[in-house]
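Below is start_23.cif, which holds mmCIF, C-alpha atoms.
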```cif
data_target
#
loop_
_atom_site.label_atom_id
_atom_site.label_comp_id
_atom_site.auth_asym_id
_atom_site.auth_seq_id
_atom_site.Cartn_x
_atom_site.Cartn_y
_atom_site.Cartn_z
CA MET A 1 112.41 122.43 102.66
CA LYS A 2 114.57 125.56 102.86
CA PRO A 3 118.16 125.04 101.73
CA LEU A 4 120.92 124.88 104.35
CA ASN A 5 123.40 127.67 104.98
CA VAL A 6 126.70 125.93 105.59
CA ARG A 7 130.02 127.49 106.65
CA VAL A 8 133.04 125.27 106.06
CA TRP A 9 136.60 125.81 107.29
CA ARG A 10 139.06 126.19 104.42
CA GLY A 11 142.82 126.23 104.92
CA GLN A 12 145.09 124.91 107.65
CA ALA A 13 145.72 126.45 111.09
CA GLU A 14 145.31 129.76 109.29
CA GLY A 15 142.29 129.99 107.07
CA SER A 16 138.68 131.15 106.98
CA PHE A 17 135.14 129.88 106.66
CA GLN A 18 133.59 129.59 103.21
CA ASP A 19 129.83 129.79 102.77
CA PHE A 20 127.82 127.24 100.79
CA VAL A 21 124.11 126.73 100.19
CA VAL A 22 123.15 123.05 100.17
CA PRO A 23 119.74 121.50 99.35
CA ARG A 24 118.04 120.11 102.43
CA HIS A 25 116.56 116.62 102.59
CA ALA A 26 114.81 114.50 105.16
CA SER A 27 117.13 112.33 107.30
CA GLN A 28 120.16 114.13 105.87
CA THR A 29 123.40 113.64 107.81
CA VAL A 30 126.17 116.19 108.23
CA LEU A 31 128.42 113.89 106.20
CA ASP A 32 125.84 113.98 103.38
CA VAL A 33 126.15 117.78 103.41
CA VAL A 34 129.95 117.70 103.22
CA THR A 35 129.85 115.08 100.47
CA TYR A 36 127.38 117.20 98.45
CA ILE A 37 129.67 120.22 98.72
CA GLN A 38 132.70 118.22 97.60
CA ARG A 39 130.94 116.45 94.72
CA VAL A 40 128.79 119.28 93.41
CA LEU A 41 129.96 122.67 94.62
CA ASP A 42 133.71 122.54 95.21
CA PRO A 43 135.77 119.40 94.42
CA THR A 44 138.84 120.88 96.14
CA LEU A 45 137.28 120.45 99.61
CA ALA A 46 139.31 117.98 101.71
CA TYR A 47 137.53 115.77 104.24
CA ARG A 48 137.80 112.21 105.46
CA PHE A 49 135.29 109.37 105.69
CA ALA A 50 135.10 105.64 105.00
CA CYS A 51 132.29 103.44 106.34
CA ARG A 52 129.38 105.96 106.66
CA VAL A 53 127.81 103.75 109.35
CA GLY A 54 129.59 104.75 112.57
CA MET A 55 132.22 102.03 112.63
CA CYS A 56 135.45 103.42 111.23
CA GLY A 57 135.83 106.62 113.25
CA SER A 58 137.24 108.69 110.39
CA CYS A 59 134.58 111.37 109.77
CA ALA A 60 134.65 113.28 113.05
CA MET A 61 134.57 117.08 112.74
CA THR A 62 133.62 120.10 114.81
CA VAL A 63 129.94 120.74 114.07
CA ASN A 64 128.55 124.05 115.36
CA GLY A 65 131.32 124.14 117.95
CA ALA A 66 131.13 120.56 119.22
CA ALA A 67 133.04 117.49 118.02
CA ARG A 68 130.76 114.87 116.47
CA TRP A 69 130.81 111.84 114.20
CA THR A 70 129.27 113.35 111.09
CA CYS A 71 127.99 110.16 109.44
CA ARG A 72 125.59 109.50 112.31
CA THR A 73 124.66 113.11 113.07
CA HIS A 74 121.43 114.22 111.47
CA VAL A 75 121.30 117.82 110.28
CA ASP A 76 117.98 118.21 112.15
CA LYS A 77 119.79 117.64 115.43
CA VAL A 78 122.45 120.32 114.96
CA TYR A 79 121.06 122.98 112.57
CA ARG A 80 120.73 126.06 114.77
CA LYS A 81 119.92 129.67 113.86
CA GLU A 82 119.81 128.78 110.17
CA SER A 83 123.50 127.90 110.19
CA LEU A 84 125.72 124.84 110.11
CA GLU A 85 129.37 125.52 110.84
CA LEU A 86 131.85 122.76 110.04
CA ALA A 87 135.47 122.87 111.20
CA PRO A 88 138.26 120.34 111.73
CA LEU A 89 138.66 118.63 115.12
CA ARG A 90 140.30 120.72 117.86
CA ASN A 91 143.60 119.78 119.52
CA LEU A 92 145.02 118.22 116.34
CA PRO A 93 147.09 119.84 113.57
CA VAL A 94 145.01 120.63 110.50
CA ILE A 95 146.33 119.17 107.24
CA ARG A 96 143.76 120.89 105.05
CA ASP A 97 140.14 122.00 105.37
CA LEU A 98 138.35 119.36 107.51
CA VAL A 99 141.23 116.86 107.64
CA THR A 100 143.41 116.67 110.75
CA ASP A 101 146.69 114.89 111.33
CA MET A 102 145.79 112.02 113.71
CA ARG A 103 149.36 110.76 114.22
CA GLU A 104 149.85 112.29 117.66
CA PHE A 105 146.45 110.96 118.76
CA PHE A 106 147.39 107.37 117.87
CA ASP A 107 151.03 107.69 118.98
CA LYS A 108 149.63 108.41 122.42
CA TRP A 109 147.81 105.06 122.40
CA ALA A 110 151.23 103.44 121.93
CA ARG A 111 152.72 105.64 124.70
CA ALA A 112 149.90 104.49 127.02
CA LYS A 113 150.93 100.87 126.24
CA GLY A 114 147.65 100.36 124.44
CA SER A 115 148.50 97.02 122.84
CA PHE A 116 147.61 93.68 124.38
CA ARG A 117 150.38 91.47 125.69
CA GLY A 118 149.43 87.92 126.67
CA SER A 119 151.44 85.01 128.01
CA LEU A 120 149.86 82.09 126.15
CA ASN A 121 150.75 80.59 122.79
CA ARG A 122 148.80 78.55 120.25
CA LYS A 123 149.50 75.30 122.12
CA ASP A 124 147.80 76.58 125.27
CA ASP A 125 144.11 76.25 125.95
CA PHE A 126 141.87 79.32 125.80
CA GLU A 127 141.85 81.47 128.91
CA LYS A 128 138.46 81.16 130.61
CA ILE A 129 137.05 84.60 131.33
CA ASN A 130 133.76 84.86 133.16
CA PRO A 131 131.62 87.35 131.17
CA GLN A 132 129.83 88.29 134.41
CA SER A 133 133.01 89.16 136.32
CA LYS A 134 133.32 92.81 137.37
CA ALA A 135 136.60 93.26 135.52
CA ARG A 136 135.20 91.89 132.25
CA GLN A 137 132.04 94.00 132.54
CA GLN A 138 134.21 97.09 132.97
CA VAL A 139 136.12 96.11 129.84
CA ASP A 140 132.84 95.62 127.95
CA ALA A 141 131.71 99.12 128.94
CA ALA A 142 134.84 100.68 127.45
CA ILE A 143 135.91 98.40 124.61
CA GLU A 144 133.80 99.71 121.72
CA CYS A 145 135.97 102.79 121.04
CA ILE A 146 136.25 103.47 117.30
CA GLY A 147 139.18 105.89 117.62
CA CYS A 148 137.30 108.84 116.13
CA GLY A 149 139.12 111.47 118.23
CA VAL A 150 135.93 113.21 119.39
CA CYS A 151 136.93 112.85 123.07
CA TYR A 152 140.48 114.04 122.39
CA SER A 153 139.17 117.05 120.52
CA SER A 154 136.73 117.87 123.33
CA CYS A 155 139.26 117.59 126.18
CA ASP A 156 140.38 120.84 127.82
CA VAL A 157 143.33 119.12 129.49
CA VAL A 158 144.72 118.14 126.06
CA ALA A 159 144.38 121.81 125.08
CA ALA A 160 146.31 122.89 128.21
CA ASN A 161 148.97 120.15 128.21
CA ALA A 162 150.15 118.87 124.83
CA ASP A 163 151.79 115.82 126.45
CA TYR A 164 148.55 114.62 128.07
CA LEU A 165 147.73 111.18 126.68
CA GLY A 166 144.05 112.03 126.36
CA PRO A 167 140.78 110.19 127.05
CA ALA A 168 140.93 107.63 124.23
CA ALA A 169 144.47 106.37 124.95
CA LEU A 170 143.75 106.20 128.69
CA ASN A 171 140.43 104.44 128.05
CA ARG A 172 142.29 101.86 125.95
CA ALA A 173 144.87 101.38 128.72
CA TRP A 174 142.00 100.90 131.19
CA THR A 175 140.48 98.08 129.10
CA LEU A 176 143.84 96.29 129.18
CA VAL A 177 144.42 96.91 132.89
CA GLN A 178 141.08 95.18 133.49
CA ASP A 179 141.90 92.35 131.06
CA GLU A 180 142.83 89.29 133.11
CA ARG A 181 144.88 87.86 130.24
CA ASP A 182 147.23 90.81 129.90
CA VAL A 183 150.66 90.58 131.55
CA ALA A 184 152.06 94.08 130.95
CA ASN A 185 150.13 95.98 133.58
CA ALA A 186 153.02 97.09 135.82
CA GLU A 187 154.63 98.76 132.83
CA ARG A 188 151.27 100.13 131.64
CA LEU A 189 150.39 101.68 135.00
CA ARG A 190 153.77 103.45 135.00
CA ALA A 191 153.06 104.71 131.49
CA VAL A 192 149.65 106.17 132.38
CA ALA A 193 150.61 107.72 135.75
CA GLY A 194 151.68 111.28 136.28
CA ASP A 195 151.44 114.67 134.64
CA ALA A 196 150.89 113.36 131.11
CA GLY A 197 148.59 110.59 132.28
CA CYS A 198 145.51 109.86 134.36
CA HIS A 199 146.47 112.19 137.22
CA SER A 200 146.03 115.25 134.99
CA CYS A 201 142.35 114.51 134.27
CA HIS A 202 140.11 117.20 135.78
CA SER A 203 136.98 115.05 135.46
CA HIS A 204 135.25 117.74 133.38
CA MET A 205 133.63 114.81 131.53
CA SER A 206 133.53 116.50 128.12
CA CYS A 207 134.85 113.22 126.69
CA THR A 208 132.04 111.28 128.33
CA GLU A 209 129.41 113.77 127.18
CA ARG A 210 130.58 113.78 123.56
CA CYS A 211 131.63 110.15 122.99
CA PRO A 212 129.40 108.89 120.16
CA LYS A 213 129.71 105.33 121.50
CA GLN A 214 128.49 106.31 124.98
CA ILE A 215 131.77 105.27 126.56
CA SER A 216 132.85 107.06 129.73
CA PRO A 217 136.61 107.60 129.50
CA THR A 218 136.28 109.62 132.72
CA ALA A 219 135.23 106.46 134.56
CA GLY A 220 138.15 104.52 133.06
CA ILE A 221 140.60 107.27 134.01
CA ALA A 222 139.23 107.25 137.58
CA GLY A 223 139.77 103.47 137.55
CA LEU A 224 143.36 103.98 136.41
CA LYS A 225 143.92 106.42 139.28
CA ARG A 226 142.70 103.76 141.71
CA GLN A 227 144.85 101.03 140.18
CA VAL A 228 147.93 103.27 140.11
CA SER A 229 147.38 104.17 143.78
CA LEU A 230 146.99 100.51 144.73
CA ALA A 231 150.17 99.63 142.83
CA LEU A 232 151.97 102.46 144.61
CA LEU A 233 150.85 101.23 148.04
CA LYS A 234 152.02 97.71 147.13
CA SER A 235 155.38 99.11 145.95
CA ALA A 236 154.61 97.70 142.50
CA LEU A 237 154.79 100.98 140.55
CA MET B 238 159.37 113.70 137.76
CA SER B 239 158.92 109.92 137.82
CA ALA B 240 155.53 108.24 137.56
CA LYS B 241 156.01 106.99 141.11
CA SER B 242 156.64 110.48 142.55
CA GLU B 243 153.76 111.99 140.58
CA SER B 244 151.44 109.25 141.82
CA MET B 245 152.67 109.75 145.38
CA LEU B 246 151.86 113.47 145.15
CA TRP B 247 148.38 112.63 143.89
CA VAL B 248 147.72 110.17 146.74
CA VAL B 249 149.05 112.66 149.31
CA GLN B 250 146.82 115.38 147.91
CA ARG B 251 143.73 113.17 148.03
CA ALA B 252 144.56 111.98 151.56
CA SER B 253 145.12 115.57 152.76
CA ALA B 254 141.82 116.54 151.10
CA ALA B 255 140.04 113.88 153.18
CA VAL B 256 141.65 115.25 156.36
CA LEU B 257 140.76 118.80 155.36
CA GLY B 258 137.15 117.87 154.66
CA LEU B 259 136.80 116.74 158.27
CA CYS B 260 138.80 119.67 159.66
CA VAL B 261 136.68 122.24 157.79
CA LEU B 262 133.47 120.70 159.17
CA VAL B 263 134.77 120.83 162.75
CA HIS B 264 136.13 124.35 162.20
CA LEU B 265 132.84 125.67 160.78
CA GLY B 266 130.84 123.92 163.50
CA THR B 267 133.03 125.51 166.15
CA MET B 268 132.66 128.94 164.54
CA ILE B 269 128.87 128.69 164.49
CA TYR B 270 128.92 127.60 168.13
CA ALA B 271 131.48 130.27 169.12
CA VAL B 272 129.72 133.30 167.66
CA ARG B 273 126.54 132.76 169.66
CA GLY B 274 126.09 135.81 171.85
CA GLY B 275 128.96 137.72 170.25
CA LEU B 276 132.60 136.91 169.61
CA THR B 277 135.53 138.20 171.64
CA ALA B 278 139.26 137.47 171.59
CA ALA B 279 139.06 136.66 175.29
CA GLU B 280 136.41 134.00 174.65
CA ILE B 281 138.47 132.35 171.90
CA LEU B 282 141.62 132.38 173.97
CA SER B 283 139.81 130.94 176.98
CA ARG B 284 138.95 127.94 174.82
CA THR B 285 142.30 127.44 173.12
CA ARG B 286 144.89 128.42 175.74
CA GLY B 287 146.47 125.35 177.24
CA SER B 288 144.13 123.03 175.33
CA ALA B 289 146.18 120.16 173.92
CA ALA B 290 143.15 118.96 171.92
CA TRP B 291 142.73 122.27 170.04
CA LEU B 292 146.50 122.50 169.57
CA ALA B 293 146.53 119.02 168.01
CA PHE B 294 143.45 119.71 165.88
CA TYR B 295 144.69 122.99 164.40
CA SER B 296 148.22 121.63 163.94
CA VAL B 297 146.81 118.80 161.81
CA PHE B 298 144.65 121.36 159.95
CA VAL B 299 147.61 123.63 159.16
CA LEU B 300 149.93 120.79 158.15
CA ALA B 301 147.27 119.27 155.87
CA ILE B 302 146.87 122.67 154.19
CA SER B 303 150.66 123.01 153.82
CA VAL B 304 150.70 119.70 151.95
CA HIS B 305 147.46 120.08 149.96
CA VAL B 306 147.69 123.60 148.60
CA PRO B 307 151.19 123.49 147.03
CA ILE B 308 150.35 120.26 145.16
CA GLY B 309 147.24 121.87 143.71
CA LEU B 310 149.17 125.02 142.87
CA ARG B 311 151.74 122.83 141.13
CA ALA B 312 149.09 121.65 138.66
CA VAL B 313 147.83 125.22 138.14
CA LEU B 314 151.35 126.49 137.39
CA GLY B 315 151.95 123.57 135.01
CA GLU B 316 148.72 123.94 133.07
CA TRP B 317 148.24 127.70 133.03
CA LEU B 318 151.84 128.89 132.77
CA GLY B 319 153.49 125.77 131.35
CA TRP B 320 155.97 125.90 134.26
CA ARG B 321 157.13 122.37 135.09
CA GLY B 322 160.82 122.53 135.95
CA ALA B 323 162.87 122.31 139.16
CA GLY B 324 162.24 126.03 139.76
CA ARG B 325 158.56 125.27 140.24
CA ALA B 326 159.36 122.53 142.77
CA TRP B 327 161.62 124.83 144.81
CA LEU B 328 159.09 127.66 144.80
CA LEU B 329 156.40 125.26 146.02
CA VAL B 330 158.62 123.85 148.77
CA LEU B 331 159.19 127.43 149.97
CA PHE B 332 155.47 128.13 149.68
CA ALA B 333 154.65 124.99 151.71
CA LEU B 334 157.14 126.03 154.40
CA ALA B 335 155.70 129.55 154.48
CA ILE B 336 152.15 128.22 154.98
CA ALA B 337 153.32 125.77 157.66
CA PHE B 338 155.37 128.46 159.46
CA THR B 339 152.74 131.19 159.48
CA GLY B 340 149.95 128.71 160.25
CA MET B 341 151.78 127.05 163.13
CA ARG B 342 152.80 130.44 164.51
CA ALA B 343 149.11 131.34 164.72
CA VAL B 344 148.20 127.98 166.28
CA ILE B 345 150.92 128.28 168.93
CA GLY B 346 149.95 131.93 169.43
CA VAL B 347 146.46 131.01 170.63
CA PHE B 348 147.72 128.02 172.63
CA THR B 349 150.26 129.84 174.79
#
```
Could you spell out this file's structure in structure tokens?
Amino acid sequence: MKPLNVRVWRGQAEGSFQDFVVPRHASQTVLDVVTYIQRVLDPTLAYRFACRVGMCGSCAMTVNGAARWTCRTHVDKVYRKESLELAPLRNLPVIRDLVTDMREFFDKWARAKGSFRGSLNRKDDFEKINPQSKARQQVDAAIECIGCGVCYSSCDVVAANADYLGPAALNRAWTLVQDERDVANAERLRAVAGDAGCHSCHSHMSCTERCPKQISPTAGIAGLKRQVSLALLKSAL
Amino acid sequence: MSAKSESMLWVVQRASAAVLGLCVLVHLGTMIYAVRGGLTAAEILSRTRGSAAWLAFYSVFVLAISVHVPIGLRAVLGEWLGWRGAGRAWLLVLFALAIAFTGMRAVIGVFT
């Protein structure tokens, strides 16, 4: 197999692409390519990964212009015009090379009231949730987010409005709004409404198209808009 | 602006969009009907003058536009120019009044 021509971003916000030639193998992932470069060609390359099996959400990068999880992206799927271009995720500050600063991304989960708040304690019985209920099925459709930042990096509204909470934080809020056990929804709906929240979504659906877990944050954000509107009409916002 | 006010603007924009969707259909239907055999000012005025129904219809149309357009423009100004302060709100209130005034002047013009 012909070796791969790989261009890798070096530097921070200012920097340039560096060219590498990497041996090609069958079933090779993009993360395998980056790891080869770091271990064999240039040990100063900074990148981030942990599980290598699509669970931890730490290896996302911009691959030939689109954000992807690199551990589960085969080179065959993305190698176009004899070139593989690897850059850090968009919409996040670059620390070095392929590593971004994810603090703002996760701080926005907190701003969207993305943590569960229940009303029971250990002396209470378990809450009985019907797995077939509509609310629970909507939670199931959105709950498997691994926090990789692919949606956030792909969102044009984040690029236009730095305060926008972004698809992942809003998707998390949506799973809690639909969680019958949670008691913080009035506060949460206030947190996700408005210019920085669900009402800024343009429904471009880049997040939905790129999410490696096939979640549709767009659907969750539309759900939040409905719930916020209902709360407004009930004077509960 | 508070979450409540932002949400209210969103609901008002969606509600006005629903009204506009209907108004545009009626308006286009009327245009297609009206241009059969040529279009004259006299023909239009013969239909609208003294007609309370057309006055009501086009008043609703104009007022829905006066509400809908400034809210949309508000988002455009915020995202494209980063303009989000009180100045934006005042400009949009003036813009809404200008649309309502010029629109209603035209509606009343073909009614009387």
Please identify every residue of chain A that has at least one atom no more than 10 Å from any atom of chain B, counting only C-alpha atoms, and report them as a PyMOL selection string.
chain A and resi 157-162+189-200+225-226+228-233+235-237
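Each of A:Ile215, A:Leu120, A:Ala50, A:Val150 was compared to Ala66 of chain A using only C-alpha atoms, and A:Val150 turns out to be the nearest.
One distance worth recording is that between atom CA of Phe294 of chain B and atom CA of Met268 of chain B, which is 14.3 Å.
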Neighbouring residues of Pro217 of chain A were defined as those with any atom within 8 Å, considering only C-alpha atoms; residues of the same chain fewer than 5 positions away were excluded. Please report them as JSON, numbers by chain.
{"A": [142, 167, 168, 170, 171, 207, 208]}
Selection under test: the PyMOL selection byres ((chain B and resi 256) around 12); residues as a list in words:
Val249, Gln250, Arg251, Ala252, Ser253, Ala254, Ala255, Leu257, Gly258, Leu259, Cys260, Val261, Leu262, Val263, Phe294, Tyr295, Ser296, Val297, Phe298, Val299, Leu300, Ala301, Ile302, Val304 and His305 of chain B
As AutoDock Vina command-line options, what would the box around segment 183-197 of chain A look like: edges along x, y and z, 5 Å added on every side, centre and edge lengths in Å to one decimal?
```
--center_x 151.6 --center_y 102.6 --center_z 133.6 --size_x 16.0 --size_y 34.1 --size_z 15.3
```
For the structure provided, state which residues fall under the PyMOL selection byres ((chain A and resi 144) around 12), and present them as a list of chain:residue names.
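Answer for the PyMOL selection byres ((chain A and resi 144) around 12): A:Gly54, A:Met55, A:Cys56, A:Gly57, A:Gln138, A:Val139, A:Asp140, A:Ala141, A:Ala142, A:Ile143, A:Cys145, A:Ile146, A:Gly147, A:Cys148, A:Ala168, A:Asn171, A:Arg172, A:Thr175, A:Cys211, A:Pro212, A:Lys213, A:Gln214, A:Ile215, A:Ser216, A:Pro217.
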Considering all atoms listed in the file, can you say which of A:Gly15, A:Pro3, A:Gly220, A:Pro43 comes closest to Arg96 of chain A?
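Looking at the shortest contact to Arg96 of chain A, the residue is A:Gly15.
The coordinates place atom CA of Thr267 of chain B at 17.2 Å from atom CA of Ala343 of chain B.
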